[in-house]
Structure formats: structure tokens, C-alpha cells
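Colleague: There's a structure below that I have some questions on.
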Amino acid sequence: MTRMRCVPLFVAAILILAGSRVQAALPEFTQLVKDVSPSIVNISTTQKVREQQMFPGMPLDPDDPRSELFRRFFGQPPGGQQRQARSLGSGFVISSDGIILTNAHVVKDADEILVKLSDHREEPAELVGLDERTDVAVLRIKAKGLPVVKIGDSDRLEVGEWVLAIGSPFGLEYTATAGIVSAVGRTLPSDAYVPFIQTDAAVNPGNSGGPLFNTQGQVIGINSQIYSRTGGSVGLSFAIPIKVAIRAAQQIEKSGHASHGYLGVTVQPVTLTLAQSFGLDRPRGALVAEVTPKGPAAKAGLGAGDVILAFNGVPLADAGDLPPLVGSADVGAKVSLRLLRDGKERTLQATVGALPNSDVVASSGAGRSEPAQGGPLKLAVVDLDELQRQQLEVPVGGVLVVAVGDGPAARAGLARGDVIMRVGEDVVKNASHFKALTGKLAAGRVVPLLVQRRGNPLFLALTVPKD
């Protein structure tokens, strides 16, 4: 009986020890919050906006979704009265003489910026400058001897690390929320130049511009945006790595604006079928779909169809890895580009240019024409007339896809309105040339097609039917 009673006591002791180890592994943020809070600020902005008045006595906020509906049916209303629009955000002190870091979208177009310090002092702030591409802004207030944050190394951050966010969600000042790093180097569709830190810490409107700390009390990111269908936190928040933010801030302090590296290429991911068509062992790298004429990449000798495998010695696992690396490179720097061309690896040297202030936007349209060709690809193409070339911005060559049946072309992703510019390494001259090129393809081969779709270049992998 004595032995039988000892067994459960022994097991209980093990469970208690295991529980204590788990508890010991959890971070303790109490002292950290006390240490860092004095360097965090609340930011409020005011902006004069003209109130839309659809009908007499019926003011409607410009942000109200009904505003667009009324405008569509009744036209632009006459100017109404001006009102003060207010917004809230967060920030943190990076220099004791009053330099503060926050998000660009927090202070953009603000007429007045007010900074509230941890000791309840309120100071008007001057906007030193902002950079919308990295969503970083630098403010200056007239104050001395302010407590500053400690800057960490965001490059060393790993998935699974504990992090702490402090800010003013929904105006609730000095709110602390904890979580873990869910992913690093996350590229978002709207922010290709920032390798975001993804966390599951509760971040809400008002947290924008606030710091993200590691367990050593060092800032490793700026909370910037969330993914949410409700407007509140669902565990998907994104922070700008502090290395990216500090680099932009230093440039803003020095010249009033930030500069970003530029290559002048449009890239796309390498899928499994595209990897096979280019002779890659696995999907990796960034496939060059278009090269800007006279840009740095063009001067270096890059061309459409090249697969960039490494940028300045850094391997590219995916196409999304390239823009942040290029953007963070110094303008004028010499960089190496390791790429795959015609099944062989080679290295080119390029000089990083400065990213233009505005993006080039291409437009396209589709003309009417009758199918001139079918075949085993289940695809009908025609030559482009002069009007179509002008609308689609295709000066020479190419064929217009006018019909796609159920077959290899559809499985490759071709669609009506596409312009096929290249088959493999061969530039398509016209419809008859395209028919000759595809007729010579070996059965079962996977060949890359360079397509222009709605003004944008795109590679698709076509598998030639065996029959």
C-alpha cells in the first residue's frame, strides 16, 4: 500500500516541476513596461477638411461610404463648411533633444501635431519629414533631456520570440499588449519595399507609430498596420523593422526625405512549372518579366526571362525578397546579380539607381478581331492592327489572344486579351510566326511564354500536349 501511494506523489512532483519550468519560460513584462513607458508618446493631429453637404441641412462625412454613392448619382456637391478632423497615434523618443519617430500615415497632411509626453506635458511638434514608402515620419519638439528608447537589432529577430507593443489603441494611452513574432521578412502587396515583422500582439487603430519591444526592452519595430475585417485586432499585425525605420529617419533628418535603391525591373515568382521550363532545380529566385529601358538593370545587361538567384550575395528564396534588398541598398552602390540565363548561371554587376518619385502606370485595351488560328493548344490568336498596338502599347511584334478553349493554353493561364510576346527565347513577330514556333515545340515540353496583360508583363508556363 505504501508503494502504491508513493507513485502518484512522485508523478505529482514531476508535474509541479514541469509546470514551474513552463511558468519560468514565460516572459515577465512588468519591469520592462516601467522602464520603457517614459520614452513613449501619444500623438494627436488635426486637419481642416471641407464637409460635404449633399442636401441642405444634411452634412455627410467624406469618409462615410454613402458619400461615394451620392456623388455617383448627383455629382460633386458644392463646397460645404470646413471642420476639424482629428486622429490619434503613437510614437517614441529616439533622441533626448526632442526627436520622435512615428508612422507617416499618422501625421500626413496634418495641419497641427500635438505630442503628449508620459509626464502629461503637451508640446506642439514640427514635422521634419516623412517617407510614405516605408511609412516613417520624424517629428521634433522643443524639449531637452527626454528619456529615449534603446534600439535593437531587427535582423536578429526570430519567429517565436516574445514581443511587447505599447501605444494608444482607440485613444487608450499607454496600453501594453504582448505576443510572439509570427513571421519575419513578410512582404505585403502594398508595401513591397518593407520586409515586415508579423506578430500576434493585439494592435489596434491608435497603436500606429508605437514601438514594438523585444524582451530586453529594445525597440525592434514600429507598429504600422493590421489585417482585419472588423477594424479590430484579429492577431495579424505588421511592424516596420527598426533597421529600415532608422535608416529612413537618418536620411530624413539629413535632407528632409528618404531615398531608395532602384534597379528598374518587374519581377514575378517562379512557380514549379516555370522552374521546370527554365531548367531550375526548384522554384526560387525572382523571374524578370520586364526591364525598364535605360534603367540600372538594362545598363547592367539584364533582360526579360532572366531569373535573379542572388542580390549582392544574398540568395533569393522568392521574388518578394528582391524589392526590400534593392530598396535598402545605397544609391550609387555597386552590386552583384547572380542569375540564370539559358540554363546557365552568370553574374552581372549593376549600379543601384534612385527610385523615381512616381511610378509609371501602363494602360491597355482590347480591339475586335476574328480568330485566325486554333490548333492543339486550344488557342486562337491574331495579328494586332495599328489601333490595337496603340491601345495596348505594343509597338512591334506579338499576337493578340482572342479565344482560349479547354486545353493546354487555359491550363497555362492564358486569357482573352493577352498579348503573347515571346515563346521561350524567341520573340513572336506575328500570328504565322507564332504558329511556326509552337509547331516546332517538342511534345511534353514545358516552355515559358512572355505575355503582356493589362499593360503588365507576365511569364506563364505552357506544357506542350503529347498528342
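Residues are named by chain letter and number: chains run A, B, ... in the order of the C-alpha cells, numbers start at 1 in each chain, and ligands are numbered from 1 in the order shown.
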I'd like the neighbourhood of Thr215 (chain A) as a list in words, where a residue qualifies if any of its atoms comes within 10 Å (using only C-alpha atoms), though same-chain residues fewer than 2 positions away should be ignored.

Modeller: Pro27, Glu28, Phe29, Leu32, Glu161, Trp162, Val163, Leu164, Phe213, Gly217, Gln218 and Val219 of chain A

Colleague: DSSP says helix (DSSP H, G or I) for which residues of region 109-299 of chain A? Put them as a PyMOL selection string?

Modeller: chain A and resi 154-156+169-171+242-255+272-278+296-299

Colleague: Could you work out how far CA of Val106 (chain A) lies from CA of Ala125 (chain A), giving the answer in Å with one decimal?

Modeller: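 Separation between CA of Ala125 (chain A) and CA of Val106 (chain A): 12.9 Å.
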
Colleague: Please report the interatomic distance between CA of Lys294 (chain A) and CA of Gly353 (chain A) in Å with one decimal.

Modeller: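 About the pair CA of Lys294 (chain A) and CA of Gly353 (chain A): they are 11.0 Å apart.
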
Colleague: Would you give me, as a PyMOL selection string, the residues in region 191-257 of chain A that DSSP reads as strand (DSSP E)?

Modeller: chain A and resi 191-199+211-213+218-226+237-241

Colleague: Could you give me, as a list in words, the residues within 10 Å of Arg133 (chain A), counting only C-alpha atoms and dropping anything in the same chain fewer than 3 positions from it?

Modeller: Ala104, Leu130, Val136, Ser190, Asp191, Ala192, Tyr193, Val194, Ala248, Ala258, Ser259, His260 and Gly327 of chain A

Colleague: Take the residues from that selection and write them out as a CSV table (one decimal), in the first residue's frame, keeping N, CA and C atoms.

Modeller:
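As a result, part.csv now contains:
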```csv
chain,number,residue,atom,x,y,z
A,104,ALA,N,4.3,57.5,-41.0
A,104,ALA,CA,4.0,58.6,-41.9
A,104,ALA,C,2.4,58.9,-42.0
A,130,LEU,N,8.8,63.0,-43.9
A,130,LEU,CA,8.2,61.7,-43.8
A,130,LEU,C,8.5,60.9,-45.1
A,136,VAL,N,7.4,56.0,-42.5
A,136,VAL,CA,8.1,56.5,-41.4
A,136,VAL,C,8.1,58.0,-41.4
A,190,SER,N,0.9,46.0,-50.9
A,190,SER,CA,1.0,47.4,-51.0
A,190,SER,C,2.3,48.0,-50.5
A,191,ASP,N,3.2,47.2,-50.0
A,191,ASP,CA,4.5,47.7,-49.4
A,191,ASP,C,5.6,46.7,-49.7
A,192,ALA,N,6.0,46.7,-51.0
A,192,ALA,CA,7.0,45.8,-51.5
A,192,ALA,C,8.4,46.1,-51.0
A,193,TYR,N,8.6,47.4,-50.5
A,193,TYR,CA,9.9,47.8,-50.1
A,193,TYR,C,10.2,47.6,-48.6
A,194,VAL,N,9.2,47.0,-47.9
A,194,VAL,CA,9.4,46.8,-46.4
A,194,VAL,C,9.2,45.4,-46.1
A,248,ALA,N,15.7,55.3,-42.7
A,248,ALA,CA,14.8,56.3,-43.3
A,248,ALA,C,14.9,57.6,-42.5
A,258,ALA,N,13.7,60.6,-47.7
A,258,ALA,CA,14.5,59.3,-47.8
A,258,ALA,C,14.6,58.9,-49.2
A,259,SER,N,15.7,58.3,-49.5
A,259,SER,CA,16.0,57.8,-50.9
A,259,SER,C,16.0,56.2,-50.8
A,260,HIS,N,15.6,55.6,-51.9
A,260,HIS,CA,15.5,54.2,-52.0
A,260,HIS,C,16.2,53.7,-53.3
A,327,GLY,N,15.7,48.2,-52.2
A,327,GLY,CA,15.3,49.5,-51.6
A,327,GLY,C,16.2,49.9,-50.5
```

Colleague: Identify which of the residues A:Ala443, A:Ile246, A:Ile226, A:Val307 lies closest to Pro269 (chain A), counting only C-alpha atoms when measuring atom-to-atom distances.

Modeller: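 When distances to Pro269 (chain A) are compared using only C-alpha atoms, the smallest one comes from A:Val307.
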
Colleague: Report, in Å with one decimal, the straight-line distance from CA of Gly417 (chain A) to CA of Thr438 (chain A).

Modeller: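 Rounded to one decimal, the two atoms are 19.1 Å apart.
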
Colleague: Point out the residue among A:Leu101, A:Ala436, A:Ala333, A:Leu274 with the least atom-to-atom distance to Ile242 (chain A), counting only C-alpha atoms.

Modeller: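 Looking at the shortest contact to Ile242 (chain A), the residue is A:Leu101.
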
Colleague: Write out as a ChimeraX atom specification each polymer residue whose atoms come within 7 Å of Phe238 (chain A), counting only C-alpha atoms; drop sequence neighbours fewer than 6 positions from it.

Modeller: /A:196-199,223-226

Colleague: Please provide as a PyMOL selection string all residues within 12 Å of Ala249 (chain A), with the sequence filter that same-chain residues fewer than 5 positions apart are discarded (counting only C-alpha atoms).

Modeller: chain A and resi 94-95+99-104+127-132+134-140+242-244+254-259

Colleague: Keeping only N, CA, C and O atoms, write the selected residues to a file as a compact mmCIF listing (two decimals), in the first residue's frame.

Modeller:
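What ended up in part_0.txt:
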```txt
# COMPACT_ATOMS: atom_id res chain seq x y z
N ILE A 94 13.58 59.06 -29.86
CA ILE A 94 14.84 58.42 -30.24
C ILE A 94 16.04 59.32 -29.96
O ILE A 94 17.18 58.89 -30.10
N SER A 95 15.79 60.57 -29.58
CA SER A 95 16.88 61.48 -29.23
C SER A 95 16.40 62.39 -28.11
O SER A 95 15.28 62.91 -28.14
N ILE A 99 13.61 64.47 -30.71
CA ILE A 99 13.34 63.80 -31.99
C ILE A 99 12.47 62.57 -31.72
O ILE A 99 12.81 61.73 -30.88
N ILE A 100 11.37 62.47 -32.43
CA ILE A 100 10.37 61.42 -32.22
C ILE A 100 10.11 60.69 -33.53
O ILE A 100 10.04 61.31 -34.60
N LEU A 101 9.93 59.39 -33.43
CA LEU A 101 9.66 58.55 -34.58
C LEU A 101 8.21 58.07 -34.53
O LEU A 101 7.71 57.69 -33.46
N THR A 102 7.53 58.08 -35.67
CA THR A 102 6.17 57.57 -35.77
C THR A 102 5.91 57.13 -37.20
O THR A 102 6.83 57.07 -38.02
N ASN A 103 4.64 56.80 -37.52
CA ASN A 103 4.27 56.41 -38.88
C ASN A 103 3.97 57.64 -39.72
O ASN A 103 3.43 58.64 -39.22
N ALA A 104 4.28 57.55 -41.01
CA ALA A 104 3.95 58.65 -41.92
C ALA A 104 2.45 58.86 -42.01
O ALA A 104 1.96 60.00 -42.08
N LEU A 127 6.96 68.75 -38.13
CA LEU A 127 7.22 67.61 -38.99
C LEU A 127 8.53 67.83 -39.73
O LEU A 127 8.63 68.69 -40.61
N VAL A 128 9.55 67.07 -39.36
CA VAL A 128 10.85 67.18 -40.03
C VAL A 128 10.76 66.63 -41.44
O VAL A 128 11.31 67.18 -42.40
N GLY A 129 10.05 65.53 -41.59
CA GLY A 129 9.86 64.91 -42.90
C GLY A 129 9.24 63.55 -42.75
O GLY A 129 9.18 62.98 -41.66
N LEU A 130 8.76 63.01 -43.87
CA LEU A 130 8.17 61.67 -43.85
C LEU A 130 8.49 60.93 -45.13
O LEU A 130 8.83 61.54 -46.16
N ASP A 131 8.39 59.63 -45.06
CA ASP A 131 8.63 58.76 -46.21
C ASP A 131 7.47 57.77 -46.29
O ASP A 131 7.35 56.88 -45.45
N GLU A 132 6.62 57.94 -47.30
CA GLU A 132 5.44 57.11 -47.41
C GLU A 132 5.76 55.67 -47.79
O GLU A 132 5.01 54.75 -47.45
N THR A 134 8.19 53.72 -46.74
CA THR A 134 8.47 52.93 -45.54
C THR A 134 7.51 53.26 -44.40
O THR A 134 7.55 52.62 -43.35
N ASP A 135 6.63 54.26 -44.62
CA ASP A 135 5.65 54.69 -43.61
C ASP A 135 6.34 55.16 -42.34
O ASP A 135 5.93 54.81 -41.23
N VAL A 136 7.37 55.98 -42.51
CA VAL A 136 8.14 56.51 -41.38
C VAL A 136 8.09 58.03 -41.41
O VAL A 136 8.21 58.64 -42.48
N ALA A 137 7.88 58.63 -40.24
CA ALA A 137 7.90 60.09 -40.12
C ALA A 137 8.75 60.49 -38.92
O ALA A 137 8.81 59.77 -37.92
N VAL A 138 9.41 61.64 -39.04
CA VAL A 138 10.25 62.18 -37.97
C VAL A 138 9.65 63.50 -37.50
O VAL A 138 9.38 64.40 -38.30
N LEU A 139 9.42 63.62 -36.18
CA LEU A 139 8.91 64.84 -35.57
C LEU A 139 9.96 65.44 -34.65
O LEU A 139 10.86 64.74 -34.18
N ARG A 140 9.82 66.75 -34.40
CA ARG A 140 10.71 67.43 -33.47
C ARG A 140 9.88 68.30 -32.53
O ARG A 140 8.99 69.04 -32.98
N ILE A 242 13.03 48.00 -37.24
CA ILE A 242 13.64 49.24 -36.79
C ILE A 242 14.87 49.60 -37.63
O ILE A 242 15.18 50.80 -37.79
N LYS A 243 15.54 48.63 -38.19
CA LYS A 243 16.69 48.92 -39.05
C LYS A 243 16.24 49.73 -40.27
O LYS A 243 16.90 50.69 -40.67
N VAL A 244 15.11 49.34 -40.86
CA VAL A 244 14.57 50.06 -42.01
C VAL A 244 14.14 51.46 -41.59
O VAL A 244 14.39 52.45 -42.29
N LYS A 254 18.68 64.35 -42.28
CA LYS A 254 19.80 64.95 -43.00
C LYS A 254 19.32 65.81 -44.17
O LYS A 254 19.83 66.92 -44.40
N SER A 255 18.34 65.30 -44.94
CA SER A 255 17.96 66.00 -46.17
C SER A 255 16.47 66.31 -46.28
O SER A 255 16.03 66.93 -47.24
N GLY A 256 15.66 65.86 -45.31
CA GLY A 256 14.23 66.11 -45.36
C GLY A 256 13.43 65.04 -46.07
O GLY A 256 12.20 65.08 -46.08
N HIS A 257 14.14 64.09 -46.68
CA HIS A 257 13.45 63.00 -47.37
C HIS A 257 14.34 61.76 -47.37
O HIS A 257 15.53 61.84 -47.10
N ALA A 258 13.74 60.61 -47.68
CA ALA A 258 14.49 59.35 -47.76
C ALA A 258 14.62 58.92 -49.21
O ALA A 258 13.73 59.16 -50.02
N SER A 259 15.73 58.28 -49.51
CA SER A 259 15.95 57.75 -50.86
C SER A 259 15.97 56.23 -50.81
O SER A 259 16.30 55.64 -49.78
```

Colleague: Can you pull out the residues contacting Pro457 (chain A)? Cut-off 10 Å, using only C-alpha atoms, and skip same-chain residues under 3 positions away; I want them as a PyMOL selection string.

Modeller: chain A and resi 266-268+288-291+304+418-421+450-454

Colleague: Could the residues in this selection be written to a file with all heavy atoms, as a short mmCIF file (atom, residue, chain, number, x, y, z; two decimals), in the first residue's frame?

Modeller:
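Below you can see result-v3.cif, which holds the result:
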```cif
data_model
loop_
_atom_site.label_atom_id
_atom_site.label_comp_id
_atom_site.auth_asym_id
_atom_site.auth_seq_id
_atom_site.Cartn_x
_atom_site.Cartn_y
_atom_site.Cartn_z
N THR A 266 10.68 44.57 -63.38
CA THR A 266 9.45 44.00 -62.86
C THR A 266 9.67 42.51 -62.73
O THR A 266 10.09 41.86 -63.70
CB THR A 266 8.27 44.27 -63.80
OG1 THR A 266 8.11 45.69 -63.96
CG2 THR A 266 6.98 43.68 -63.25
N VAL A 267 9.45 41.97 -61.54
CA VAL A 267 9.72 40.55 -61.31
C VAL A 267 8.45 39.84 -60.88
O VAL A 267 7.48 40.46 -60.43
CB VAL A 267 10.81 40.35 -60.24
CG1 VAL A 267 12.13 40.92 -60.70
CG2 VAL A 267 10.39 40.96 -58.90
N GLN A 268 8.44 38.53 -61.01
CA GLN A 268 7.32 37.70 -60.59
C GLN A 268 7.88 36.42 -59.96
O GLN A 268 9.04 36.05 -60.18
CB GLN A 268 6.43 37.36 -61.78
CG GLN A 268 7.06 36.42 -62.80
CD GLN A 268 6.12 36.05 -63.93
OE1 GLN A 268 5.97 36.79 -64.89
NE2 GLN A 268 5.49 34.88 -63.83
N VAL A 288 12.53 37.87 -64.01
CA VAL A 288 12.43 39.20 -64.60
C VAL A 288 11.42 39.15 -65.73
O VAL A 288 11.62 38.47 -66.74
CB VAL A 288 13.79 39.69 -65.12
CG1 VAL A 288 13.65 41.06 -65.78
CG2 VAL A 288 14.81 39.76 -63.99
N ALA A 289 10.32 39.89 -65.55
CA ALA A 289 9.28 39.94 -66.59
C ALA A 289 9.47 41.13 -67.50
O ALA A 289 9.06 41.10 -68.66
CB ALA A 289 7.89 39.98 -65.94
N GLU A 290 10.05 42.21 -66.97
CA GLU A 290 10.24 43.43 -67.78
C GLU A 290 11.42 44.22 -67.24
O GLU A 290 11.64 44.24 -66.02
CB GLU A 290 8.97 44.28 -67.75
CG GLU A 290 9.03 45.51 -68.64
CD GLU A 290 7.76 46.33 -68.57
OE1 GLU A 290 7.14 46.39 -67.48
OE2 GLU A 290 7.38 46.91 -69.60
N VAL A 291 12.15 44.85 -68.14
CA VAL A 291 13.28 45.71 -67.76
C VAL A 291 13.01 47.11 -68.27
O VAL A 291 12.72 47.31 -69.45
CB VAL A 291 14.60 45.17 -68.35
CG1 VAL A 291 15.77 46.09 -67.98
CG2 VAL A 291 14.88 43.77 -67.84
N ALA A 304 14.40 40.32 -69.96
CA ALA A 304 13.23 39.53 -69.60
C ALA A 304 13.54 38.05 -69.77
O ALA A 304 14.15 37.64 -70.76
CB ALA A 304 12.04 39.93 -70.46
N ASP A 418 -4.84 38.81 -73.74
CA ASP A 418 -3.39 38.74 -73.54
C ASP A 418 -2.67 38.96 -74.86
O ASP A 418 -3.18 38.61 -75.94
CB ASP A 418 -2.98 37.37 -72.97
CG ASP A 418 -3.40 37.18 -71.52
OD1 ASP A 418 -3.73 38.19 -70.87
OD2 ASP A 418 -3.39 36.03 -71.05
N VAL A 419 -1.46 39.52 -74.77
CA VAL A 419 -0.59 39.64 -75.94
C VAL A 419 0.64 38.78 -75.69
O VAL A 419 1.39 39.03 -74.75
CB VAL A 419 -0.17 41.11 -76.20
CG1 VAL A 419 0.76 41.18 -77.41
CG2 VAL A 419 -1.40 41.98 -76.42
N ILE A 420 0.82 37.76 -76.53
CA ILE A 420 1.98 36.87 -76.38
C ILE A 420 3.16 37.50 -77.10
O ILE A 420 3.13 37.71 -78.31
CB ILE A 420 1.67 35.47 -76.95
CG1 ILE A 420 0.44 34.87 -76.27
CG2 ILE A 420 2.88 34.53 -76.78
CD1 ILE A 420 0.00 33.55 -76.85
N MET A 421 4.22 37.80 -76.31
CA MET A 421 5.37 38.50 -76.87
C MET A 421 6.53 37.57 -77.19
O MET A 421 7.32 37.84 -78.10
CB MET A 421 5.85 39.57 -75.86
CG MET A 421 4.78 40.58 -75.46
SD MET A 421 4.18 41.57 -76.83
CE MET A 421 5.66 42.43 -77.32
N LEU A 450 6.16 34.73 -72.59
CA LEU A 450 6.11 36.09 -72.06
C LEU A 450 4.86 36.76 -72.58
O LEU A 450 4.67 36.91 -73.80
CB LEU A 450 7.35 36.89 -72.46
CG LEU A 450 7.38 38.36 -72.00
CD1 LEU A 450 7.28 38.46 -70.48
CD2 LEU A 450 8.64 39.07 -72.50
N VAL A 451 3.98 37.16 -71.66
CA VAL A 451 2.68 37.71 -72.01
C VAL A 451 2.57 39.12 -71.46
O VAL A 451 3.09 39.42 -70.38
CB VAL A 451 1.56 36.82 -71.42
CG1 VAL A 451 0.19 37.47 -71.57
CG2 VAL A 451 1.57 35.45 -72.08
N GLN A 452 1.92 39.99 -72.21
CA GLN A 452 1.58 41.32 -71.68
C GLN A 452 0.09 41.32 -71.37
O GLN A 452 -0.74 41.08 -72.25
CB GLN A 452 1.92 42.42 -72.68
CG GLN A 452 1.63 43.82 -72.13
CD GLN A 452 2.27 44.91 -72.96
OE1 GLN A 452 3.47 44.90 -73.19
NE2 GLN A 452 1.46 45.84 -73.41
N ARG A 453 -0.25 41.58 -70.12
CA ARG A 453 -1.65 41.54 -69.68
C ARG A 453 -1.99 42.85 -68.97
O ARG A 453 -1.39 43.19 -67.96
CB ARG A 453 -1.87 40.37 -68.73
CG ARG A 453 -3.28 40.29 -68.13
CD ARG A 453 -3.44 39.04 -67.29
NE ARG A 453 -3.37 37.82 -68.09
CZ ARG A 453 -3.30 36.59 -67.57
NH1 ARG A 453 -3.29 36.43 -66.25
NH2 ARG A 453 -3.26 35.54 -68.37
N ARG A 454 -2.95 43.58 -69.53
CA ARG A 454 -3.37 44.86 -68.97
C ARG A 454 -2.17 45.78 -68.70
O ARG A 454 -2.09 46.47 -67.69
CB ARG A 454 -4.19 44.67 -67.69
CG ARG A 454 -5.53 43.98 -67.94
CD ARG A 454 -6.38 43.95 -66.68
NE ARG A 454 -5.80 43.07 -65.67
CZ ARG A 454 -6.03 41.76 -65.61
NH1 ARG A 454 -6.83 41.20 -66.49
NH2 ARG A 454 -5.48 41.02 -64.67
#
```

Colleague: Closest to Asp426 (chain A) among A:Lys440, A:Ala85, A:Gly413, A:Glu253, using only C-alpha atoms?

Modeller: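 Smallest distance to Asp426 (chain A) is found for A:Lys440.
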
Colleague: Using only C-alpha atoms, which of A:Gly264, A:Pro465, A:Pro38, A:Gly232 sits nearest Tyr174 (chain A)?

Modeller: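 Closest to Tyr174 (chain A) of all the choices is A:Pro38.
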